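**Q** For reference, the structure I am asking about is given below.
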Amino acid sequence: MIFAKEVILPTNSNATINSSEIHHWLKEIFHGAIGALDGTLVHAVVLADQQTRYMGRGKGECFQNVLGICDFDMIFTFVWASWEGVTHDLRVLKEVAFNPTSDKYYLCDAAYTNTRGFMTPYYNTRYWLSDYRQRHSLTKGKKFNHAHAQLRNVIERVYGVLKVRFPILKRMAPFPFSVQRDIVVACFAVHNLIRKCDIHDELFMAFKENNG
């Protein structure tokens, strides 16, 4: 947990979108965006009298609802674990109660509220990337939502990587719940270390190629 405090750090308020994988036009549209946030369900083992609160939205199993924020290099900058699986994502965010500084903001989906520091897509308008696989004429709102979804999708991708990398998040061991919570945070922290090493290696290889 001490290590996690060292590697899961808020994004600097002066940060910009610098990932080479992001198209230039997305960076221009969302100037000021410093990351994406969303909740994810992590398997949990809880006592029988607590299972109703941790039952995960009709899935028949118990889960922690974990709020995570990542930057556009797929590095987590915030994590809040241990919420009951039935808790709405918006309530978790309100309880955490923080905002990015200055004119910076996070991208989030329609489960959240469009307010200072948090940009959601247009409501009642096509949003998910799978909705855009077939070509249709797009309104201004649909074009915005498509671009928003493309950029915000980084949080979906990093959760996918995280759960493949750490299978215990899909099938938790029956430790005391406080230990289960710490395991979740530790997995986020180790992911950050691996990702930062990967980025360092990528930059080093690019430097070698450009400088012979």
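Lettering and numbering for the structure tokens are positional, with chains as A, B, ... in the shown order, residues counted from 1 in each chain, and ligands counted from 1 in the shown order.
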Using only C-alpha atoms, which residues sit within 12 Å of Val92 of chain A once same-chain residues fewer than 3 positions away are excluded, as a count of residues only?
**A** 26
**Q** When you look at Val7 of chain A with a cut-off of 8 Å (counting only C-alpha atoms), what residues show up, excluding the ones that are within fewer than 3 positions of it in the same chain? I need them as a ChimeraX atom specification.
**A** /A:3-4,189,192-193
**Q** Let's have the selection written as a compact mmCIF listing (two decimals), in the first residue's frame, with all heavy atoms.
**A**
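Saved the output as part_21.txt:
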# COMPACT_ATOMS: atom_id res chain seq x y z
N PHE A 3 3.77 1.41 -1.49
CA PHE A 3 4.22 1.47 -2.88
C PHE A 3 3.13 2.08 -3.77
O PHE A 3 3.41 2.88 -4.67
CB PHE A 3 4.58 0.07 -3.35
CG PHE A 3 4.91 -0.02 -4.82
CD1 PHE A 3 6.04 0.58 -5.33
CD2 PHE A 3 4.08 -0.73 -5.68
CE1 PHE A 3 6.35 0.50 -6.67
CE2 PHE A 3 4.38 -0.82 -7.02
CZ PHE A 3 5.52 -0.21 -7.52
N ALA A 4 1.87 1.71 -3.51
CA ALA A 4 0.76 2.23 -4.31
C ALA A 4 0.69 3.74 -4.24
O ALA A 4 0.40 4.43 -5.24
CB ALA A 4 -0.56 1.61 -3.86
N ALA A 189 -1.38 -0.79 -8.70
CA ALA A 189 -0.03 -0.23 -8.53
C ALA A 189 0.99 -0.99 -9.37
O ALA A 189 1.83 -0.38 -10.05
CB ALA A 189 0.36 -0.27 -7.05
N ASN A 192 0.75 -0.15 -12.97
CA ASN A 192 1.40 1.12 -13.29
C ASN A 192 2.91 0.96 -13.46
O ASN A 192 3.51 1.53 -14.37
CB ASN A 192 1.12 2.14 -12.18
CG ASN A 192 -0.17 2.90 -12.41
OD1 ASN A 192 -0.97 2.54 -13.26
ND2 ASN A 192 -0.37 3.95 -11.63
N LEU A 193 3.52 0.18 -12.57
CA LEU A 193 4.96 -0.05 -12.68
C LEU A 193 5.31 -0.72 -13.99
O LEU A 193 6.24 -0.29 -14.69
CB LEU A 193 5.45 -0.91 -11.51
CG LEU A 193 6.93 -1.29 -11.53
CD1 LEU A 193 7.81 -0.05 -11.42
CD2 LEU A 193 7.25 -2.28 -10.43
**Q** Could you state the separation of atom CA of Gly141 of chain A and atom CA of Thr120 of chain A in Å, given to one decimal place?
**A**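 Separation of atom CA of Gly141 of chain A and atom CA of Thr120 of chain A: 11.9 Å.
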**Q** From the set A:Asp109, A:Met74, A:Glu61, A:Ala48, which residue has the shortest atom-to-atom contact distance to Ile194 of chain A, counting only C-alpha atoms?
**A**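 Once distances to Ile194 of chain A are computed over only C-alpha atoms, the minimum belongs to A:Met74.
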**Q** When you draw a straight line from atom CA of Tyr159 of chain A to atom CA of Lys5 of chain A, how long is it in Å?
**A**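 Taking atom CA of Tyr159 of chain A as the start and atom CA of Lys5 of chain A as the end point, the length is 19.5 Å.
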**Q** Within segment 137-177 of chain A, find each residue whose DSSP state, derived from the backbone, is helix (DSSP H, G or I), and express the selection as a ChimeraX atom specification.
**A** /A:140-165,167-169,177
**Q** Write a file of the just-selected residues containing C-alpha atoms, as an mmCIF file, in the first residue's frame.
**A**
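What ended up in result-v2.cif:
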data_model
loop_
_atom_site.group_PDB
_atom_site.id
_atom_site.type_symbol
_atom_site.label_atom_id
_atom_site.label_comp_id
_atom_site.auth_asym_id
_atom_site.auth_seq_id
_atom_site.Cartn_x
_atom_site.Cartn_y
_atom_site.Cartn_z
ATOM 1 C CA LYS A 140 -23.116 17.127 -34.728
ATOM 2 C CA GLY A 141 -24.031 15.354 -31.485
ATOM 3 C CA LYS A 142 -23.233 11.927 -32.882
ATOM 4 C CA LYS A 143 -19.877 13.123 -34.220
ATOM 5 C CA PHE A 144 -19.003 14.528 -30.809
ATOM 6 C CA ASN A 145 -20.077 11.337 -29.049
ATOM 7 C CA HIS A 146 -18.073 9.195 -31.443
ATOM 8 C CA ALA A 147 -14.924 11.227 -30.784
ATOM 9 C CA HIS A 148 -15.629 11.212 -27.041
ATOM 10 C CA ALA A 149 -16.065 7.424 -27.035
ATOM 11 C CA GLN A 150 -12.836 6.900 -28.985
ATOM 12 C CA LEU A 151 -10.824 8.868 -26.438
ATOM 13 C CA ARG A 152 -12.637 7.677 -23.293
ATOM 14 C CA ASN A 153 -12.224 4.073 -24.435
ATOM 15 C CA VAL A 154 -8.732 4.099 -22.884
ATOM 16 C CA ILE A 155 -10.279 3.316 -19.479
ATOM 17 C CA GLU A 156 -12.082 0.294 -20.932
ATOM 18 C CA ARG A 157 -8.867 -0.960 -22.519
ATOM 19 C CA VAL A 158 -6.795 -0.533 -19.367
ATOM 20 C CA TYR A 159 -9.382 -2.399 -17.279
ATOM 21 C CA GLY A 160 -9.220 -5.227 -19.816
ATOM 22 C CA VAL A 161 -5.423 -5.368 -19.555
ATOM 23 C CA LEU A 162 -5.585 -5.211 -15.758
ATOM 24 C CA LYS A 163 -7.990 -8.149 -15.410
ATOM 25 C CA VAL A 164 -6.076 -10.324 -17.860
ATOM 26 C CA ARG A 165 -2.831 -9.528 -16.069
ATOM 27 C CA PRO A 167 -6.838 -13.137 -12.729
ATOM 28 C CA ILE A 168 -7.461 -12.762 -8.974
ATOM 29 C CA LEU A 169 -9.599 -9.733 -9.836
ATOM 30 C CA PHE A 177 -12.419 -8.036 3.030
#
**Q** Counting only C-alpha atoms, figure out which residue out of A:Phe78, A:Phe30, A:Phe188, A:Phe166 gets nearest to Leu107 of chain A.
**A**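 Ranking A:Phe78, A:Phe30, A:Phe188, A:Phe166 by distance to Leu107 of chain A, first place goes to A:Phe30.
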**Q** Please measure the separation of atom CA of Glu28 of chain A and atom CA of Pro121 of chain A, giving the value in Å to one decimal.
**A**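 Calculated distance between atom CA of Glu28 of chain A and atom CA of Pro121 of chain A is 16.7 Å.
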**Q** What parts of segment 35-197 of chain A does DSSP call strand (DSSP E or B)? I'd like the answer as a ChimeraX atom specification.
**A** /A:35-43,55,62-70,76-84,105-107,115,118-119
**Q** What lies within 9 Å of Pro174 of chain A using only C-alpha atoms, ignoring chain neighbours under 2 positions off, as a VMD selection string?
**A** chain A and resid 44 to 46 172 176 to 177 180
**Q** Between A:Val42, A:Leu47, A:Ile34, A:Ile75, which residue has the minimum interatomic distance to Ile199 of chain A, considering only C-alpha atoms?
**A**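 With only C-alpha atoms as the atom set, the closest residue is A:Ile75.
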